[in-house]
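Asks: Dropping in structure28.txt, with compact mmCIF, C-alpha atoms and all ligand atoms.
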```txt
# COMPACT_ATOMS: atom_id res chain seq x y z
CA MET A 1 -11.14 -112.21 60.80
CA SER A 2 -9.67 -110.22 57.95
CA LYS A 3 -8.66 -112.21 54.87
CA ARG A 4 -6.40 -111.89 51.88
CA ILE A 5 -7.96 -112.10 48.43
CA ASP A 6 -6.07 -113.50 45.43
CA ILE A 7 -7.59 -113.01 41.99
CA ASN A 8 -6.18 -114.94 39.05
CA GLY A 9 -7.16 -114.43 35.41
CA LEU A 10 -10.68 -113.28 36.22
CA SER A 11 -13.05 -112.45 33.37
CA ALA A 12 -16.76 -111.71 33.78
CA TYR A 13 -19.51 -111.87 31.18
CA TYR A 14 -23.11 -110.71 30.76
CA GLY A 15 -24.32 -113.25 28.21
CA ASP A 16 -21.89 -112.92 25.28
CA PHE A 17 -20.56 -109.56 26.42
CA LYS A 18 -17.22 -109.69 28.20
CA ALA A 19 -17.27 -106.90 30.78
CA ILE A 20 -13.84 -107.49 32.37
CA ASP A 21 -10.88 -109.38 31.04
CA GLY A 22 -8.15 -111.38 32.72
CA ILE A 23 -7.77 -109.51 35.98
CA SER A 24 -5.03 -110.74 38.32
CA MET A 25 -4.23 -108.95 41.56
CA HIS A 26 -4.34 -109.44 45.29
CA VAL A 27 -6.02 -107.55 48.10
CA GLU A 28 -4.22 -107.29 51.44
CA PRO A 29 -6.03 -108.12 54.67
CA LYS A 30 -6.71 -105.31 57.14
CA SER A 31 -6.40 -102.67 54.47
CA VAL A 32 -8.54 -100.55 52.22
CA THR A 33 -8.16 -101.09 48.47
CA ALA A 34 -9.80 -98.58 46.12
CA PHE A 35 -10.99 -99.43 42.59
CA ILE A 36 -10.93 -96.42 40.31
CA GLY A 37 -11.45 -95.94 36.59
CA PRO A 38 -13.81 -94.41 34.02
CA SER A 39 -17.48 -95.29 33.85
CA GLY A 40 -18.16 -98.69 32.33
CA CYS A 41 -14.68 -100.16 32.89
CA GLY A 42 -16.15 -102.90 35.06
CA LYS A 43 -15.34 -101.84 38.63
CA SER A 44 -18.76 -102.77 40.01
CA THR A 45 -18.86 -105.96 37.98
CA PHE A 46 -15.48 -106.98 39.36
CA LEU A 47 -16.55 -106.10 42.90
CA ARG A 48 -19.66 -108.24 42.58
CA THR A 49 -17.64 -111.25 41.47
CA VAL A 50 -15.89 -111.20 44.86
CA ASN A 51 -19.07 -112.17 46.74
CA ARG A 52 -20.68 -114.12 43.91
CA MET A 53 -23.34 -111.48 43.37
CA HIS A 54 -22.42 -111.20 39.69
CA GLU A 55 -23.94 -114.56 38.86
CA VAL A 56 -27.32 -113.43 40.25
CA THR A 57 -27.85 -111.54 36.96
CA PRO A 58 -29.40 -113.96 34.46
CA GLY A 59 -26.83 -115.07 31.87
CA ALA A 60 -23.89 -113.69 33.86
CA ARG A 61 -20.84 -115.85 34.52
CA VAL A 62 -17.16 -115.68 35.39
CA GLU A 63 -13.95 -117.39 34.33
CA GLY A 64 -10.82 -117.53 36.46
CA GLU A 65 -10.23 -117.80 40.14
CA ILE A 66 -10.77 -115.85 43.34
CA ARG A 67 -9.24 -117.22 46.53
CA LEU A 68 -9.98 -116.08 50.06
CA ASP A 69 -7.01 -117.07 52.20
CA GLY A 70 -6.39 -119.82 49.66
CA GLU A 71 -9.96 -121.10 49.44
CA ASP A 72 -11.43 -120.97 45.93
CA LEU A 73 -14.72 -119.02 46.10
CA TYR A 74 -15.82 -120.60 42.83
CA GLY A 75 -14.72 -124.11 43.72
CA PRO A 76 -17.08 -127.05 43.29
CA GLY A 77 -19.57 -127.35 46.11
CA VAL A 78 -19.01 -123.80 47.42
CA ASP A 79 -22.34 -122.30 48.50
CA PRO A 80 -22.72 -118.72 47.16
CA VAL A 81 -24.91 -117.80 50.13
CA GLY A 82 -22.09 -118.87 52.46
CA VAL A 83 -19.66 -116.72 50.43
CA ARG A 84 -21.93 -113.68 50.85
CA ARG A 85 -21.96 -114.21 54.60
CA VAL A 86 -18.17 -114.00 54.67
CA VAL A 87 -17.92 -111.25 52.05
CA GLY A 88 -20.40 -108.50 52.95
CA MET A 89 -21.48 -105.67 50.70
CA VAL A 90 -22.64 -102.07 51.06
CA PHE A 91 -24.33 -100.48 48.05
CA GLN A 92 -24.35 -97.07 46.44
CA ARG A 93 -27.79 -96.10 47.74
CA PRO A 94 -28.53 -96.81 51.38
CA ASN A 95 -31.02 -99.68 51.32
CA PRO A 96 -32.28 -100.43 54.82
CA PHE A 97 -35.26 -102.79 54.92
CA PRO A 98 -37.93 -100.08 54.85
CA THR A 99 -40.54 -101.64 57.10
CA MET A 100 -38.06 -102.85 59.73
CA SER A 101 -36.96 -100.93 62.78
CA VAL A 102 -33.37 -99.78 63.26
CA TYR A 103 -32.86 -102.74 65.61
CA GLU A 104 -34.39 -105.29 63.25
CA ASN A 105 -32.35 -104.00 60.32
CA VAL A 106 -29.15 -104.82 62.17
CA ALA A 107 -30.46 -108.10 63.59
CA ALA A 108 -31.87 -109.32 60.25
CA GLY A 109 -28.76 -111.15 59.04
CA LEU A 110 -28.26 -112.86 62.39
CA ARG A 111 -31.84 -114.06 62.47
CA LEU A 112 -31.31 -115.65 59.05
CA ASN A 113 -28.18 -117.42 60.27
CA GLY A 114 -29.63 -119.04 63.35
CA SER A 115 -31.52 -118.53 66.57
CA TYR A 116 -30.23 -116.12 69.16
CA LYS A 117 -31.40 -115.20 72.62
CA LYS A 118 -32.70 -111.65 72.99
CA ARG A 119 -29.70 -110.71 75.15
CA GLU A 120 -27.26 -111.97 72.51
CA LEU A 121 -29.06 -110.06 69.77
CA ASP A 122 -29.13 -106.90 71.89
CA ASP A 123 -25.37 -107.19 72.36
CA VAL A 124 -24.61 -107.69 68.67
CA VAL A 125 -26.94 -104.88 67.62
CA GLU A 126 -25.31 -102.46 70.03
CA LYS A 127 -21.79 -103.55 69.10
CA SER A 128 -22.52 -103.26 65.38
CA LEU A 129 -24.15 -99.85 65.71
CA ARG A 130 -21.20 -98.68 67.78
CA GLY A 131 -18.86 -100.16 65.16
CA ALA A 132 -20.69 -98.19 62.47
CA ASN A 133 -20.46 -95.04 64.56
CA LEU A 134 -24.22 -94.72 64.79
CA TRP A 135 -25.11 -95.91 68.29
CA ASN A 136 -25.28 -92.51 69.96
CA GLU A 137 -27.58 -91.16 67.27
CA VAL A 138 -30.07 -94.04 67.34
CA LYS A 139 -29.92 -95.61 70.79
CA ASP A 140 -33.18 -93.89 71.77
CA ARG A 141 -35.01 -94.80 68.58
CA LEU A 142 -34.07 -98.44 68.03
CA ASN A 143 -37.69 -99.41 67.48
CA ARG A 144 -38.46 -96.73 64.92
CA PRO A 145 -38.24 -97.53 61.18
CA GLY A 146 -34.74 -97.53 59.69
CA SER A 147 -36.12 -95.62 56.73
CA GLY A 148 -36.76 -92.64 59.05
CA LEU A 149 -33.04 -91.93 59.44
CA SER A 150 -31.10 -89.41 57.33
CA GLY A 151 -29.30 -90.69 54.22
CA GLY A 152 -25.93 -90.72 55.97
CA GLN A 153 -27.39 -92.48 58.99
CA GLN A 154 -29.11 -95.02 56.74
CA GLN A 155 -25.79 -95.80 55.05
CA ARG A 156 -24.15 -96.32 58.45
CA LEU A 157 -27.12 -98.52 59.39
CA CYS A 158 -26.42 -100.61 56.29
CA ILE A 159 -22.78 -100.85 57.35
CA ALA A 160 -23.92 -101.94 60.84
CA ARG A 161 -26.16 -104.56 59.22
CA ALA A 162 -23.25 -105.79 57.09
CA ILE A 163 -20.77 -106.05 59.99
CA ALA A 164 -23.29 -107.63 62.42
CA VAL A 165 -22.75 -111.04 60.83
CA GLU A 166 -18.96 -110.65 61.26
CA PRO A 167 -17.86 -110.89 57.64
CA GLN A 168 -14.19 -111.10 56.76
CA VAL A 169 -14.35 -108.82 53.75
CA LEU A 170 -16.47 -105.73 53.23
CA LEU A 171 -17.16 -104.59 49.66
CA MET A 172 -18.38 -101.02 49.23
CA ASP A 173 -19.73 -99.88 45.87
CA GLU A 174 -19.58 -96.07 45.82
CA PRO A 175 -20.91 -95.96 49.39
CA CYS A 176 -20.80 -92.16 49.60
CA SER A 177 -22.11 -91.14 46.20
CA ALA A 178 -25.60 -90.41 47.53
CA LEU A 179 -24.35 -88.61 50.65
CA ASP A 180 -23.57 -85.04 51.63
CA PRO A 181 -19.96 -84.06 52.48
CA ILE A 182 -20.42 -84.41 56.25
CA SER A 183 -21.94 -87.90 55.99
CA THR A 184 -19.21 -88.76 53.50
CA LEU A 185 -16.54 -87.80 56.01
CA ALA A 186 -18.29 -89.88 58.67
CA ILE A 187 -18.16 -92.94 56.40
CA GLU A 188 -14.53 -92.27 55.48
CA ASP A 189 -13.58 -92.04 59.18
CA LEU A 190 -15.47 -95.24 59.78
CA MET A 191 -13.49 -97.03 57.08
CA ALA A 192 -10.27 -96.23 58.92
CA ASP A 193 -11.73 -97.97 62.01
CA LEU A 194 -13.21 -100.89 60.11
CA LYS A 195 -9.98 -101.81 58.37
CA GLU A 196 -8.57 -102.80 61.76
CA ARG A 197 -10.95 -105.75 61.54
CA PHE A 198 -11.94 -106.28 57.92
CA THR A 199 -10.48 -106.40 54.45
CA ILE A 200 -12.18 -103.51 52.65
CA VAL A 201 -12.58 -102.91 48.93
CA ILE A 202 -14.23 -99.69 47.80
CA VAL A 203 -15.30 -98.54 44.35
CA THR A 204 -15.17 -94.77 44.12
CA HIS A 205 -15.35 -92.07 41.45
CA ASN A 206 -13.90 -89.59 43.88
CA MET A 207 -10.13 -89.37 43.49
CA GLN A 208 -9.69 -87.44 46.72
CA GLN A 209 -11.63 -90.10 48.53
CA ALA A 210 -9.50 -92.89 47.07
CA ALA A 211 -6.37 -90.96 48.10
CA ARG A 212 -7.74 -90.30 51.60
CA VAL A 213 -9.08 -93.69 52.57
CA SER A 214 -7.17 -96.36 50.70
CA ASP A 215 -3.84 -98.08 51.27
CA ARG A 216 -3.74 -99.54 47.76
CA THR A 217 -5.39 -98.39 44.56
CA ALA A 218 -6.26 -100.36 41.43
CA PHE A 219 -6.85 -98.43 38.21
CA PHE A 220 -9.06 -100.01 35.53
CA ASN A 221 -9.62 -98.84 32.00
CA LEU A 222 -11.18 -99.91 28.73
CA SER A 223 -9.79 -99.30 25.28
CA ALA A 224 -13.19 -98.47 23.72
CA VAL A 225 -16.90 -98.73 24.47
CA GLY A 226 -17.92 -102.36 23.99
CA GLU A 227 -14.44 -103.59 24.89
CA PRO A 228 -13.87 -105.30 28.24
CA GLY A 229 -12.35 -103.44 31.17
CA ARG A 230 -8.81 -104.34 32.19
CA LEU A 231 -6.63 -103.71 35.21
CA VAL A 232 -4.01 -101.15 34.20
CA GLU A 233 -2.05 -101.09 37.44
CA VAL A 234 -2.36 -101.62 41.14
CA GLY A 235 -0.06 -100.47 43.89
CA ASP A 236 0.32 -98.38 47.02
CA THR A 237 -2.05 -95.43 46.86
CA ASP A 238 0.78 -92.95 47.48
CA LYS A 239 2.65 -94.27 44.47
CA ILE A 240 -0.40 -94.52 42.17
CA PHE A 241 -1.27 -90.89 42.92
CA SER A 242 2.24 -89.47 42.82
CA ASN A 243 4.26 -91.61 40.45
CA PRO A 244 2.22 -94.24 38.59
CA ASP A 245 3.97 -96.60 36.18
CA GLU A 246 1.44 -96.14 33.39
CA LYS A 247 0.67 -92.97 31.48
CA ALA A 248 -3.04 -93.91 31.31
CA THR A 249 -3.15 -93.89 35.13
CA GLU A 250 -1.50 -90.51 35.32
CA ASP A 251 -3.89 -89.08 32.71
CA TYR A 252 -6.88 -90.37 34.64
CA ILE A 253 -5.89 -89.22 38.09
CA SER A 254 -4.82 -85.82 36.83
CA GLY A 255 -8.23 -85.42 35.20
CA ARG A 256 -7.02 -85.50 31.61
CA PHE A 257 -9.68 -88.08 30.75
CA GLY A 258 -12.46 -90.17 32.24
N1 LIG A 301 -26.78 -106.27 34.31
C1 LIG A 301 -26.03 -106.01 33.22
N2 LIG A 301 -26.32 -106.56 32.03
C2 LIG A 301 -25.57 -106.31 30.94
N3 LIG A 301 -24.48 -105.54 30.93
C3 LIG A 301 -24.12 -104.97 32.09
C4 LIG A 301 -24.87 -105.17 33.30
N4 LIG A 301 -24.29 -104.47 34.29
C5 LIG A 301 -23.22 -103.86 33.73
N5 LIG A 301 -23.13 -104.15 32.42
C6 LIG A 301 -22.09 -103.68 31.48
O1 LIG A 301 -20.81 -104.10 31.94
C7 LIG A 301 -19.85 -103.07 31.74
C8 LIG A 301 -19.20 -102.73 33.07
O2 LIG A 301 -20.19 -102.13 33.91
P1 LIG A 301 -19.90 -101.77 35.43
O3 LIG A 301 -21.16 -101.23 36.02
O4 LIG A 301 -19.25 -102.91 36.09
O5 LIG A 301 -18.81 -100.61 35.25
P2 LIG A 301 -18.32 -99.52 36.31
O6 LIG A 301 -16.88 -99.31 36.03
O7 LIG A 301 -18.69 -99.93 37.67
O8 LIG A 301 -19.17 -98.26 35.86
P3 LIG A 301 -19.67 -96.99 36.68
O9 LIG A 301 -18.42 -96.31 37.17
O10 LIG A 301 -20.39 -96.17 35.67
O11 LIG A 301 -20.55 -97.47 37.79
C9 LIG A 301 -20.59 -101.90 31.10
O12 LIG A 301 -20.40 -101.98 29.70
C10 LIG A 301 -22.03 -102.14 31.46
O13 LIG A 301 -22.90 -101.62 30.48
```
Written as structure tokens, that's how I'd like the structure from this file.
Replies:
Amino acid sequence: MSKRIDINGLSAYYGDFKAIDGISMHVEPKSVTAFIGPSGCGKSTFLRTVNRMHEVTPGARVEGEIRLDGEDLYGPGVDPVGVRRVVGMVFQRPNPFPTMSVYENVAAGLRLNGSYKKRELDDVVEKSLRGANLWNEVKDRLNRPGSGLSGGQQQRLCIARAIAVEPQVLLMDEPCSALDPISTLAIEDLMADLKERFTIVIVTHNMQQAARVSDRTAFFNLSAVGEPGRLVEVGDTDKIFSNPDEKATEDYISGRFG
């Protein structure tokens, strides 16, 4: 299921503004890669190019190439909706469908993709909620609104919804920034389980979190406000946090700027 991502010379624009410039790197399958860097350096923009969400913003476009196990995500004839099925996303604020039950939130993506028998749906819903480490907390309230769960539970519900359609890549944009420390730990533990099955990319402002959960870390920076963000370096998380090649990386992770 899990796929390798190769990014070559990727730039992204909002109208005339170039938000990221010439990024080339790869993301290993069955691993967690963290994107870190100061505010505005383009981490979220870059993340959204990987499931073709960037182009949903009017006037936004990309240049360059992103390949998923060799297949060009921006190739002619590629359906962006199909890309988003394979590359799932979890957002900063938990965003369950507010009027839907816990069950329907998880089943929603499957219902869009085709028709399933009730038994099949029940199985996928349970498996996904178990996979998101939420089953025991919600198994007796599957028909209650998803919006009635705590923030941490809602975020795990969103993760269950994302994994129910069996994506190959899971993108997480600051998934813990709206959560308390206990819910944050629950999500971090979950990531360690999920990477057995998925390629995971996480944007985080929390250095300890990047160090705890990721196998590889990419540091982005921008030379000045209004300039595009660039990849400074990417490598094994242990190395980036203990002995980075670039001084800018060391300054950032040691809190000297950003
Ligand atoms: N919808 C948009 N329209 C125009 N410019 C945008 C839009 N979204 C982001 N930008 C600009 O693109 C640049 C990169 O923003 P982005 O949100 O990707 O950075 P980031 O590193 O994720 O920041 P943060 O850590 O603060 O979330 C910024 O200059 C931002 O103002």
Asks: Find the residues around Gly146 (chain A) up to 7 Å (only C-alpha atoms counted), leave out those fewer than 6 positions away in its own chain, and share them as a ChimeraX atom specification.
Replies: /A:96,98,100-102,105,154
Asks: Would you output that residue set with C-alpha atoms, as a CSV table (one decimal), keeping the file's coordinate frame?
Replies:
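What landed in selection.csv:
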```
chain,number,residue,atom,x,y,z
A,96,PRO,CA,-32.3,-100.4,54.8
A,98,PRO,CA,-37.9,-100.1,54.8
A,100,MET,CA,-38.1,-102.8,59.7
A,101,SER,CA,-37.0,-100.9,62.8
A,102,VAL,CA,-33.4,-99.8,63.3
A,105,ASN,CA,-32.4,-104.0,60.3
A,154,GLN,CA,-29.1,-95.0,56.7
```
Asks: Enter the distance from CA of Asp122 (chain A) to CA of Met191 (chain A), in Å, rounded to one decimal.
Replies: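 Those two atoms sit 23.7 Å apart.
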Asks: Using all atoms listed in the file, what does the table of region 109-197 of chain A residues within 9 Å of region 1-15 of chain A look like, with each row giving the shortest atom pair and its distance in Å to one decimal, sorted by chain and ascending number, as a tab-separated table?
Replies:
```
residue	atom	partner	partner_atom	distance
A:Glu166	CA	A:Met1	CA	8.0
A:Pro167	CA	A:Met1	CA	7.5
A:Gln168	CA	A:Ser2	CA	4.8
A:Val169	CA	A:Ser2	CA	6.4
A:Lys195	CA	A:Ser2	CA	8.4
A:Glu196	CA	A:Ser2	CA	8.4
A:Arg197	CA	A:Ser2	CA	5.9
```
Asks: Please write out the residues within 7 Å of ligand LIG 301 (chain A) as a compact mmCIF listing (two decimals) with C-alpha atoms, in the coordinates of the input, counting all atoms listed in the file.
Replies:
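And here is the file that came out, part25.txt:
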```txt
# COMPACT_ATOMS: atom_id res chain seq x y z
CA TYR A 14 -23.11 -110.71 30.76
CA ALA A 19 -17.27 -106.90 30.78
CA GLY A 37 -11.45 -95.94 36.59
CA PRO A 38 -13.81 -94.41 34.02
CA SER A 39 -17.48 -95.29 33.85
CA GLY A 40 -18.16 -98.69 32.33
CA CYS A 41 -14.68 -100.16 32.89
CA GLY A 42 -16.15 -102.90 35.06
CA LYS A 43 -15.34 -101.84 38.63
CA SER A 44 -18.76 -102.77 40.01
CA THR A 45 -18.86 -105.96 37.98
CA PHE A 46 -15.48 -106.98 39.36
CA THR A 57 -27.85 -111.54 36.96
CA HIS A 205 -15.35 -92.07 41.45
CA GLY A 226 -17.92 -102.36 23.99
```
Asks: Between CA of Arg216 (chain A) and CA of Ala164 (chain A), what is the distance in Å, rounded to a tenth?
Replies: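 Answer for the CA of Arg216 (chain A) to CA of Ala164 (chain A) separation: 25.7 Å.
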Asks: For a cut-off of 9 Å around (-21.5, -103.2, 58.5), file coordinates, pick out all residues using all atoms listed in the file and list them as a list in words.
Replies: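 All residues meeting the 9 Å criterion around (-21.5, -103.2, 58.5) are Gly88, Met89, Val90, Val106, Ser128, Leu129, Gly131, Ala132, Arg156, Leu157, Cys158, Ile159, Ala160, Arg161, Ala162, Ile163, Ala164, Val165, Glu166, Pro167, Leu170 and Leu194 of chain A.
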Asks: If you keep C-alpha atoms, can you produce a file of those selected residues as a PDB file, in the coordinates of the input?
Replies:
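Result saved to again-v5.pdb:
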```
ATOM      1  CA  GLY A  88     -20.400-108.500  52.950  1.00  0.00           C
ATOM      2  CA  MET A  89     -21.480-105.670  50.700  1.00  0.00           C
ATOM      3  CA  VAL A  90     -22.640-102.070  51.060  1.00  0.00           C
ATOM      4  CA  VAL A 106     -29.150-104.820  62.170  1.00  0.00           C
ATOM      5  CA  SER A 128     -22.520-103.260  65.380  1.00  0.00           C
ATOM      6  CA  LEU A 129     -24.150 -99.850  65.710  1.00  0.00           C
ATOM      7  CA  GLY A 131     -18.860-100.160  65.160  1.00  0.00           C
ATOM      8  CA  ALA A 132     -20.690 -98.190  62.470  1.00  0.00           C
ATOM      9  CA  ARG A 156     -24.150 -96.320  58.450  1.00  0.00           C
ATOM     10  CA  LEU A 157     -27.120 -98.520  59.390  1.00  0.00           C
ATOM     11  CA  CYS A 158     -26.420-100.610  56.290  1.00  0.00           C
ATOM     12  CA  ILE A 159     -22.780-100.850  57.350  1.00  0.00           C
ATOM     13  CA  ALA A 160     -23.920-101.940  60.840  1.00  0.00           C
ATOM     14  CA  ARG A 161     -26.160-104.560  59.220  1.00  0.00           C
ATOM     15  CA  ALA A 162     -23.250-105.790  57.090  1.00  0.00           C
ATOM     16  CA  ILE A 163     -20.770-106.050  59.990  1.00  0.00           C
ATOM     17  CA  ALA A 164     -23.290-107.630  62.420  1.00  0.00           C
ATOM     18  CA  VAL A 165     -22.750-111.040  60.830  1.00  0.00           C
ATOM     19  CA  GLU A 166     -18.960-110.650  61.260  1.00  0.00           C
ATOM     20  CA  PRO A 167     -17.860-110.890  57.640  1.00  0.00           C
ATOM     21  CA  LEU A 170     -16.470-105.730  53.230  1.00  0.00           C
ATOM     22  CA  LEU A 194     -13.210-100.890  60.110  1.00  0.00           C
TER      23      LEU A 194
END
```
Asks: Please measure the separation of CA of Leu47 (chain A) and CA of Val125 (chain A), giving the value in Å to one decimal.
Replies: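 Answer for the CA of Leu47 (chain A) to CA of Val125 (chain A) separation: 26.8 Å.
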Asks: If the box runs along x, y and z of the file and leaves 3 Å on each side of region 17-31 of chain A, what are its centre and edge lengths in Å, one decimal, as AutoDock Vina command-line options?
Replies:
```
--center_x -12.4 --center_y -107.0 --center_z 41.8 --size_x 22.3 --size_y 14.7 --size_z 36.7
```
Asks: Contacts of Ala210 (chain A) at 12 Å or less, counting all atoms listed in the file, minus same-chain residues fewer than 6 places along, as a ChimeraX atom specification?
Replies: /A:32-37,174,176,188,191,201-204,216-219,236-238,240-241,253
Asks: Taking into account all atoms listed in the file, which residue in the set A:Leu110, A:Phe198, A:Asn206, A:Asp123 is nearest to Lys30 (chain A)?
Replies: A:Phe198
Asks: Which residues are close to Ile187 (chain A), i.e. within 10 Å by all atoms listed in the file, leaving aside same-chain residues fewer than 5 positions away? Reply as a PyMOL selection string.
Replies: chain A and resi 132-133+152-153+155-156+159+175-176+179+181-182+192-193+213
Asks: Just want the 10 Å neighbourhood of Ile66 (chain A), counted on all atoms listed in the file, with same-chain residues fewer than 3 positions away dropped. Output as a ChimeraX atom specification.
Replies: /A:5-10,24-26,49-51,63,69-75
